[in-house]
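K.L.:
Okay, so here is input19.csv, and as you'll see once you scroll down, it has CSV, N, CA, C and O atoms.
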chain,number,residue,atom,x,y,z
D,25,THR,N,0.8,-1.2,0.0
D,25,THR,CA,0.0,0.0,0.0
D,25,THR,C,0.9,1.2,0.0
D,25,THR,O,1.9,1.3,0.6
D,26,GLY,N,0.4,2.3,-0.7
D,26,GLY,CA,1.2,3.5,-0.8
D,26,GLY,C,2.3,3.4,-1.8
D,26,GLY,O,3.1,4.3,-2.0
D,27,ASP,N,2.5,2.2,-2.5
D,27,ASP,CA,3.6,2.1,-3.4
D,27,ASP,C,3.2,2.7,-4.7
D,27,ASP,O,2.2,2.4,-5.3
D,28,THR,N,3.9,3.7,-5.2
D,28,THR,CA,3.6,4.4,-6.4
D,28,THR,C,4.2,3.7,-7.6
D,28,THR,O,4.0,4.1,-8.8
D,29,GLY,N,5.0,2.7,-7.4
D,29,GLY,CA,5.6,1.9,-8.5
D,29,GLY,C,6.9,2.5,-9.0
D,29,GLY,O,7.6,1.9,-9.8
D,30,GLY,N,7.2,3.7,-8.6
D,30,GLY,CA,8.5,4.4,-9.0
D,30,GLY,C,9.6,4.1,-8.1
D,30,GLY,O,9.4,3.5,-7.0
D,31,PRO,N,10.8,4.5,-8.4
D,31,PRO,CA,11.9,4.3,-7.5
D,31,PRO,C,11.7,5.2,-6.3
D,31,PRO,O,11.1,6.3,-6.3
D,32,PRO,N,12.2,4.8,-5.1
D,32,PRO,CA,12.1,5.6,-3.9
D,32,PRO,C,12.9,6.9,-4.1
D,32,PRO,O,13.9,7.0,-4.8
D,33,GLN,N,12.3,8.0,-3.5
D,33,GLN,CA,13.0,9.3,-3.5
D,33,GLN,C,14.1,9.3,-2.6
D,33,GLN,O,14.1,8.8,-1.4
D,34,ARG,N,15.2,9.9,-3.0
D,34,ARG,CA,16.4,10.1,-2.1
D,34,ARG,C,16.7,11.5,-2.0
D,34,ARG,O,16.4,12.4,-2.8
D,35,GLY,N,17.3,11.9,-0.8
D,35,GLY,CA,17.6,13.3,-0.6
D,35,GLY,C,16.4,14.1,-0.3
D,35,GLY,O,15.3,13.6,0.0
D,36,ARG,N,16.5,15.4,-0.3
D,36,ARG,CA,15.4,16.3,0.0
D,36,ARG,C,14.5,16.5,-1.2
D,36,ARG,O,15.0,16.4,-2.3
D,37,PRO,N,13.3,16.7,-0.9
D,37,PRO,CA,12.3,16.9,-2.0
D,37,PRO,C,12.7,18.2,-2.7
D,37,PRO,O,13.1,19.2,-2.1
D,38,ARG,N,12.4,18.2,-4.0
D,38,ARG,CA,12.7,19.5,-4.8
D,38,ARG,C,11.6,20.5,-4.6
D,38,ARG,O,10.4,20.1,-4.6
D,39,THR,N,12.0,21.7,-4.3
D,39,THR,CA,11.0,22.7,-4.2
D,39,THR,C,10.9,23.4,-5.5
D,39,THR,O,11.8,23.5,-6.3
D,40,PRO,N,9.7,23.9,-5.8
D,40,PRO,CA,9.5,24.6,-7.1
D,40,PRO,C,10.4,25.8,-7.2
D,40,PRO,O,10.6,26.5,-6.2
D,41,GLN,N,10.9,26.1,-8.3
D,41,GLN,CA,11.8,27.2,-8.5
D,41,GLN,C,10.9,28.5,-8.6
D,41,GLN,O,9.8,28.4,-9.1
D,42,LYS,N,11.4,29.6,-8.0
D,42,LYS,CA,10.7,30.8,-8.1
D,42,LYS,C,11.0,31.5,-9.4
D,42,LYS,O,12.1,31.5,-9.9
D,43,SER,N,10.0,32.1,-10.0
D,43,SER,CA,10.2,32.9,-11.2
D,43,SER,C,10.9,34.2,-10.9
D,43,SER,O,10.8,34.7,-9.7
D,44,PRO,N,11.5,34.8,-11.9
D,44,PRO,CA,12.1,36.2,-11.6
D,44,PRO,C,11.0,37.2,-11.1
D,44,PRO,O,11.4,38.0,-10.3
D,45,ASP,N,9.8,37.0,-11.5
D,45,ASP,CA,8.7,37.9,-11.0
D,45,ASP,C,8.5,37.7,-9.5
D,45,ASP,O,8.3,38.7,-8.8
D,46,ASP,N,8.5,36.4,-9.1
D,46,ASP,CA,8.3,36.1,-7.7
D,46,ASP,C,9.4,36.8,-6.9
D,46,ASP,O,9.2,37.3,-5.8
D,47,VAL,N,10.6,36.6,-7.4
D,47,VAL,CA,11.8,37.2,-6.6
D,47,VAL,C,11.7,38.7,-6.6
D,47,VAL,O,12.0,39.3,-5.6
D,48,ALA,N,11.3,39.3,-7.7
D,48,ALA,CA,11.2,40.8,-7.7
D,48,ALA,C,10.2,41.3,-6.7
D,48,ALA,O,10.5,42.2,-6.0
D,49,VAL,N,9.1,40.6,-6.6
D,49,VAL,CA,8.1,41.0,-5.6
D,49,VAL,C,8.6,40.8,-4.2
D,49,VAL,O,8.3,41.6,-3.3
D,50,GLU,N,9.4,39.8,-3.9
D,50,GLU,CA,9.9,39.6,-2.6
D,50,GLU,C,10.9,40.7,-2.3
D,50,GLU,O,10.9,41.2,-1.1
D,51,VAL,N,11.7,41.1,-3.2
D,51,VAL,CA,12.7,42.2,-3.0
D,51,VAL,C,11.9,43.5,-2.7
D,51,VAL,O,12.2,44.3,-1.8
D,52,GLU,N,10.8,43.7,-3.5
D,52,GLU,CA,10.0,44.9,-3.3
D,52,GLU,C,9.4,45.0,-1.9
D,52,GLU,O,9.5,46.0,-1.2
D,53,ARG,N,8.9,43.8,-1.5
D,53,ARG,CA,8.3,43.7,-0.1
D,53,ARG,C,9.3,44.0,0.9
D,53,ARG,O,9.0,44.8,1.9
D,54,GLU,N,10.5,43.5,0.8
D,54,GLU,CA,11.5,43.7,1.8
D,54,GLU,C,12.0,45.2,1.9
D,54,GLU,O,12.2,45.7,2.9
D,55,ALA,N,12.1,45.8,0.7
D,55,ALA,CA,12.5,47.2,0.7
D,55,ALA,C,11.4,48.1,1.3
D,55,ALA,O,11.8,49.0,2.1
D,56,LEU,N,10.2,47.8,1.0
D,56,LEU,CA,9.1,48.5,1.7
D,56,LEU,C,9.0,48.3,3.2
D,56,LEU,O,8.8,49.2,3.9
D,57,LYS,N,9.3,47.1,3.6
D,57,LYS,CA,9.3,46.8,5.0
D,57,LYS,C,10.3,47.7,5.8
D,57,LYS,O,10.0,48.3,6.8
D,58,VAL,N,11.5,47.9,5.2
D,58,VAL,CA,12.5,48.7,5.8
D,58,VAL,C,12.1,50.2,5.8
D,58,VAL,O,12.2,50.9,6.8
D,59,ALA,N,11.5,50.6,4.6
D,59,ALA,CA,11.1,52.0,4.5
D,59,ALA,C,10.0,52.3,5.5
D,59,ALA,O,9.9,53.4,6.1
D,60,LEU,N,9.1,51.4,5.8
D,60,LEU,CA,8.0,51.6,6.7
D,60,LEU,C,8.4,51.4,8.2
D,60,LEU,O,8.0,52.2,9.0
D,61,GLN,N,9.3,50.5,8.4
D,61,GLN,CA,9.7,50.2,9.8
D,61,GLN,C,10.8,51.0,10.3
D,61,GLN,O,10.9,51.4,11.5
D,62,SER,N,11.8,51.3,9.4
D,62,SER,CA,13.0,52.1,9.8
D,62,SER,C,13.4,53.0,8.6
D,62,SER,O,14.4,52.7,7.9
D,63,PRO,N,12.6,54.1,8.4
D,63,PRO,CA,13.0,54.9,7.2
D,63,PRO,C,14.4,55.5,7.3
D,63,PRO,O,15.0,55.7,6.3
D,64,GLU,N,14.9,55.6,8.5
D,64,GLU,CA,16.3,56.1,8.6
D,64,GLU,C,17.3,55.2,8.0
D,64,GLU,O,18.4,55.6,7.6
D,65,LEU,N,17.0,53.9,8.0
D,65,LEU,CA,17.9,52.9,7.4
D,65,LEU,C,17.7,52.8,5.9
D,65,LEU,O,18.6,52.6,5.1
D,66,ALA,N,16.4,53.0,5.4
D,66,ALA,CA,16.1,52.9,4.0
D,66,ALA,C,16.7,54.1,3.3
D,66,ALA,O,17.3,54.0,2.2
D,67,GLY,N,16.4,55.3,3.9
D,67,GLY,CA,17.0,56.6,3.4
D,67,GLY,C,17.0,56.8,1.9
D,67,GLY,O,16.1,56.4,1.2
D,68,PRO,N,18.1,57.5,1.4
D,68,PRO,CA,18.2,57.8,0.0
D,68,PRO,C,18.3,56.6,-0.9
D,68,PRO,O,17.9,56.8,-2.1
D,69,SER,N,18.7,55.5,-0.4
D,69,SER,CA,18.8,54.3,-1.3
D,69,SER,C,17.4,53.9,-1.7
D,69,SER,O,17.1,53.6,-2.9
D,70,PHE,N,16.5,53.9,-0.8
D,70,PHE,CA,15.1,53.6,-1.1
D,70,PHE,C,14.5,54.6,-2.0
D,70,PHE,O,13.8,54.3,-2.9
D,71,ASP,N,14.7,55.9,-1.6
D,71,ASP,CA,14.1,57.0,-2.4
D,71,ASP,C,14.6,57.0,-3.8
D,71,ASP,O,13.9,57.6,-4.7
D,72,ALA,N,15.8,56.5,-4.1
D,72,ALA,CA,16.3,56.5,-5.5
D,72,ALA,C,15.6,55.5,-6.4
D,72,ALA,O,15.7,55.6,-7.6
D,73,ILE,N,14.8,54.6,-5.9
D,73,ILE,CA,14.0,53.7,-6.7
D,73,ILE,C,12.7,54.3,-7.2
D,73,ILE,O,11.9,54.7,-6.4
D,74,PRO,N,12.6,54.5,-8.5
D,74,PRO,CA,11.3,55.1,-9.0
D,74,PRO,C,10.1,54.2,-8.8
D,74,PRO,O,10.2,53.0,-8.8
D,75,VAL,N,9.0,54.8,-8.5
D,75,VAL,CA,7.8,54.1,-8.3
D,75,VAL,C,7.5,53.2,-9.4
D,75,VAL,O,7.0,52.0,-9.2
D,76,GLU,N,7.8,53.6,-10.6
D,76,GLU,CA,7.5,52.8,-11.8
D,76,GLU,C,8.3,51.5,-11.8
D,76,GLU,O,8.0,50.6,-12.6
D,77,ALA,N,9.3,51.3,-11.0
D,77,ALA,CA,10.2,50.1,-11.0
D,77,ALA,C,9.4,49.0,-10.2
D,77,ALA,O,9.8,47.8,-10.4
D,78,TYR,N,8.4,49.3,-9.4
D,78,TYR,CA,7.7,48.3,-8.7
D,78,TYR,C,6.8,47.5,-9.6
D,78,TYR,O,6.1,48.1,-10.4
D,79,THR,N,6.9,46.2,-9.5
D,79,THR,CA,6.1,45.3,-10.4
D,79,THR,C,4.7,45.0,-9.8
D,79,THR,O,3.8,44.7,-10.5
D,80,ASP,N,4.6,45.1,-8.4
D,80,ASP,CA,3.3,44.9,-7.8
D,80,ASP,C,2.6,46.2,-7.6
D,80,ASP,O,3.2,47.1,-7.0
D,81,PRO,N,1.4,46.4,-8.1
D,81,PRO,CA,0.7,47.7,-8.0
D,81,PRO,C,0.5,48.1,-6.6
D,81,PRO,O,0.5,49.3,-6.3
D,82,ASN,N,0.2,47.2,-5.7
D,82,ASN,CA,0.0,47.6,-4.3
D,82,ASN,C,1.3,48.1,-3.6
D,82,ASN,O,1.3,49.1,-2.9
D,83,TYR,N,2.4,47.5,-4.0
D,83,TYR,CA,3.7,48.0,-3.4
D,83,TYR,C,4.1,49.3,-4.1
D,83,TYR,O,4.7,50.2,-3.4
D,84,ALA,N,3.7,49.5,-5.3
D,84,ALA,CA,4.0,50.8,-6.0
D,84,ALA,C,3.2,51.9,-5.3
D,84,ALA,O,3.7,53.0,-5.1
D,85,ALA,N,2.0,51.6,-4.9
D,85,ALA,CA,1.2,52.6,-4.2
D,85,ALA,C,1.8,53.0,-2.9
D,85,ALA,O,1.8,54.1,-2.5
D,86,VAL,N,2.3,52.0,-2.2
D,86,VAL,CA,3.0,52.3,-0.9
D,86,VAL,C,4.3,53.1,-1.1
D,86,VAL,O,4.5,54.1,-0.4
D,87,ALA,N,5.0,52.7,-2.1
D,87,ALA,CA,6.2,53.5,-2.5
D,87,ALA,C,5.9,54.9,-2.9
D,87,ALA,O,6.6,55.9,-2.5
D,88,ALA,N,4.8,55.1,-3.6
D,88,ALA,CA,4.3,56.4,-4.0
D,88,ALA,C,3.9,57.2,-2.7
D,88,ALA,O,4.2,58.4,-2.7
D,89,ALA,N,3.3,56.6,-1.7
D,89,ALA,CA,3.0,57.3,-0.5
D,89,ALA,C,4.2,57.8,0.2
D,89,ALA,O,4.3,58.9,0.8
D,90,VAL,N,5.3,56.9,0.2
D,90,VAL,CA,6.5,57.3,0.9
D,90,VAL,C,7.1,58.5,0.1
D,90,VAL,O,7.5,59.5,0.8
D,91,ALA,N,7.1,58.5,-1.2
D,91,ALA,CA,7.6,59.6,-2.0
D,91,ALA,C,6.8,60.9,-1.7
D,91,ALA,O,7.3,62.0,-1.5
D,92,ALA,N,5.5,60.7,-1.6
D,92,ALA,CA,4.6,61.9,-1.4
D,92,ALA,C,4.8,62.5,0.0
D,92,ALA,O,4.6,63.7,0.2
D,93,ALA,N,5.2,61.7,0.9
D,93,ALA,CA,5.5,62.1,2.3
D,93,ALA,C,6.9,62.8,2.4
D,93,ALA,O,7.3,63.2,3.5
D,94,GLY,N,7.6,62.9,1.3
D,94,GLY,CA,8.9,63.5,1.3
D,94,GLY,C,10.0,62.5,1.1
D,94,GLY,O,11.2,62.9,1.1
D,95,GLY,N,9.7,61.2,1.2
D,95,GLY,CA,10.8,60.2,1.0
D,95,GLY,C,11.2,59.7,2.4
D,95,GLY,O,11.1,60.3,3.4
D,96,ALA,N,11.8,58.5,2.4
D,96,ALA,CA,12.3,57.9,3.6
D,96,ALA,C,13.5,58.7,4.2
D,96,ALA,O,13.5,58.8,5.4
D,97,ALA,N,14.3,59.3,3.3
D,97,ALA,CA,15.4,60.1,3.9
D,97,ALA,C,15.0,61.3,4.6
D,97,ALA,O,15.7,61.8,5.5
D,98,ALA,N,13.8,61.8,4.3
D,98,ALA,CA,13.3,63.1,4.9
D,98,ALA,C,12.5,62.8,6.1
D,98,ALA,O,12.1,63.7,6.8
D,99,ALA,N,12.2,61.5,6.4
D,99,ALA,CA,11.4,61.2,7.6
D,99,ALA,C,12.0,61.7,8.9
D,99,ALA,O,13.2,61.5,9.1
D,100,ARG,N,11.2,62.4,9.7
D,100,ARG,CA,11.7,62.9,10.9
D,100,ARG,C,11.1,62.2,12.1
D,100,ARG,O,11.4,62.5,13.3
D,101,VAL,N,10.2,61.2,11.8
D,101,VAL,CA,9.5,60.4,12.8
D,101,VAL,C,9.6,59.0,12.4
D,101,VAL,O,9.9,58.7,11.2
D,102,THR,N,9.3,58.1,13.3
D,102,THR,CA,9.2,56.7,13.0
D,102,THR,C,8.0,56.1,13.7
D,102,THR,O,7.2,56.8,14.3
D,103,GLY,N,7.8,54.8,13.5
D,103,GLY,CA,6.7,54.1,14.2
D,103,GLY,C,5.3,54.6,13.7
D,103,GLY,O,5.2,54.9,12.5
D,104,ALA,N,4.4,54.6,14.6
D,104,ALA,CA,3.0,54.9,14.3
D,104,ALA,C,2.9,56.3,13.6
D,104,ALA,O,2.1,56.5,12.7
D,105,GLU,N,3.7,57.3,14.1
D,105,GLU,CA,3.6,58.6,13.5
D,105,GLU,C,4.0,58.6,12.1
D,105,GLU,O,3.3,59.3,11.2
D,106,TRP,N,5.0,57.9,11.7
D,106,TRP,CA,5.5,57.8,10.3
D,106,TRP,C,4.4,57.1,9.5
D,106,TRP,O,4.0,57.5,8.4
D,107,LEU,N,3.8,56.0,10.0
D,107,LEU,CA,2.8,55.3,9.3
D,107,LEU,C,1.5,56.2,9.1
D,107,LEU,O,0.9,56.1,8.0
D,108,ASP,N,1.2,57.0,10.1
D,108,ASP,CA,0.1,58.0,9.9
D,108,ASP,C,0.4,59.0,8.8
D,108,ASP,O,-0.5,59.3,8.1
D,109,GLN,N,1.6,59.5,8.8
D,109,GLN,CA,2.0,60.4,7.7
D,109,GLN,C,1.8,59.7,6.3
D,109,GLN,O,1.3,60.3,5.4
D,110,LEU,N,2.2,58.5,6.2
D,110,LEU,CA,2.1,57.8,4.9
D,110,LEU,C,0.7,57.5,4.6
D,110,LEU,O,0.3,57.7,3.4
D,111,ALA,N,-0.1,57.1,5.6
D,111,ALA,CA,-1.5,56.9,5.3
D,111,ALA,C,-2.3,58.1,4.8
D,111,ALA,O,-3.2,58.0,4.0
D,112,ALA,N,-1.8,59.3,5.2
D,112,ALA,CA,-2.4,60.5,4.7
D,112,ALA,C,-2.2,60.7,3.2
D,112,ALA,O,-2.9,61.4,2.5
D,113,HIS,N,-1.2,59.9,2.6
D,113,HIS,CA,-0.9,60.0,1.2
D,113,HIS,C,-1.4,58.8,0.4
D,113,HIS,O,-1.1,58.7,-0.8
D,114,CYS,N,-2.2,58.0,1.1
D,114,CYS,CA,-2.8,56.8,0.4
D,114,CYS,C,-4.2,57.1,-0.1
D,114,CYS,O,-4.9,57.8,0.6
D,115,THR,N,-4.5,56.5,-1.2
D,115,THR,CA,-5.9,56.7,-1.7
D,115,THR,C,-6.7,55.5,-1.3
D,115,THR,O,-6.2,54.4,-1.0
Any chance you could put this one into structure tokens?

P.N.:
Amino acid sequence: TGDTGGPPQRGRPRTPQKSPDDVAVEVEREALKVALQSPELAGPSFDAIPVEAYTDPNYAAVAAAVAAAGGAAAARVTGAEWLDQLAAHCT
């Protein structure tokens, strides 16, 4: 019972490969996490990425809110106050 008729599997099972699009979205998410949680760390490097570079429309909207708030490098507050400033620029 449970015999599939094939040879037994050895080693670890293969995980599906991620597409370049999947990897891009992961990078976008991580960059946004830093900009939202620690804008002082994201700073000008984050701000240099144009909104049009984001492949996920939701992430592009968040990046646009950061830009509309003056950018991560210009943030003078963090935490809930920073998130409130960004929310004011979201539609």

K.L.:
Could you give me, as a list in words, the residues within 6 Å of segment 76-91 of chain D, counting only C-alpha atoms and dropping anything in the same chain fewer than 6 positions from it?

P.N.:
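Counting only C-alpha atoms, the residues come to Leu110, His113 and Cys114 of chain D.
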
K.L.:
Can you tell me how far atom CA of Ser62 of chain D sits from atom CA of Ala97 of chain D, in Å to one decimal?

P.N.:
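Here the two named atoms are 10.2 Å from each other.
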
K.L.:
Between D:Asp45, D:Asp71, D:Leu65, D:Arg36, which residue has the minimum interatomic distance to Gly95 of chain D, considering all atoms listed in the file?

P.N.:
D:Asp71

K.L.:
As an NGL selection string, which residues of chain D does DSSP assign to helix (DSSP H, G or I)?

P.N.:
:D and (44-61 or 63-71 or 75-77 or 81-92 or 96-98 or 103-111)

K.L.:
Give me, please, the distance in Å between atom C of Arg53 of chain D and atom O of Phe70 of chain D, quoted to one decimal.

P.N.:
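Atom O of Phe70 of chain D lies 11.9 Å from atom C of Arg53 of chain D.
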
K.L.:
One decimal, in Å: what's the spacing between atom CA of Thr115 of chain D and atom CA of Leu60 of chain D?

P.N.:
17.0 Å
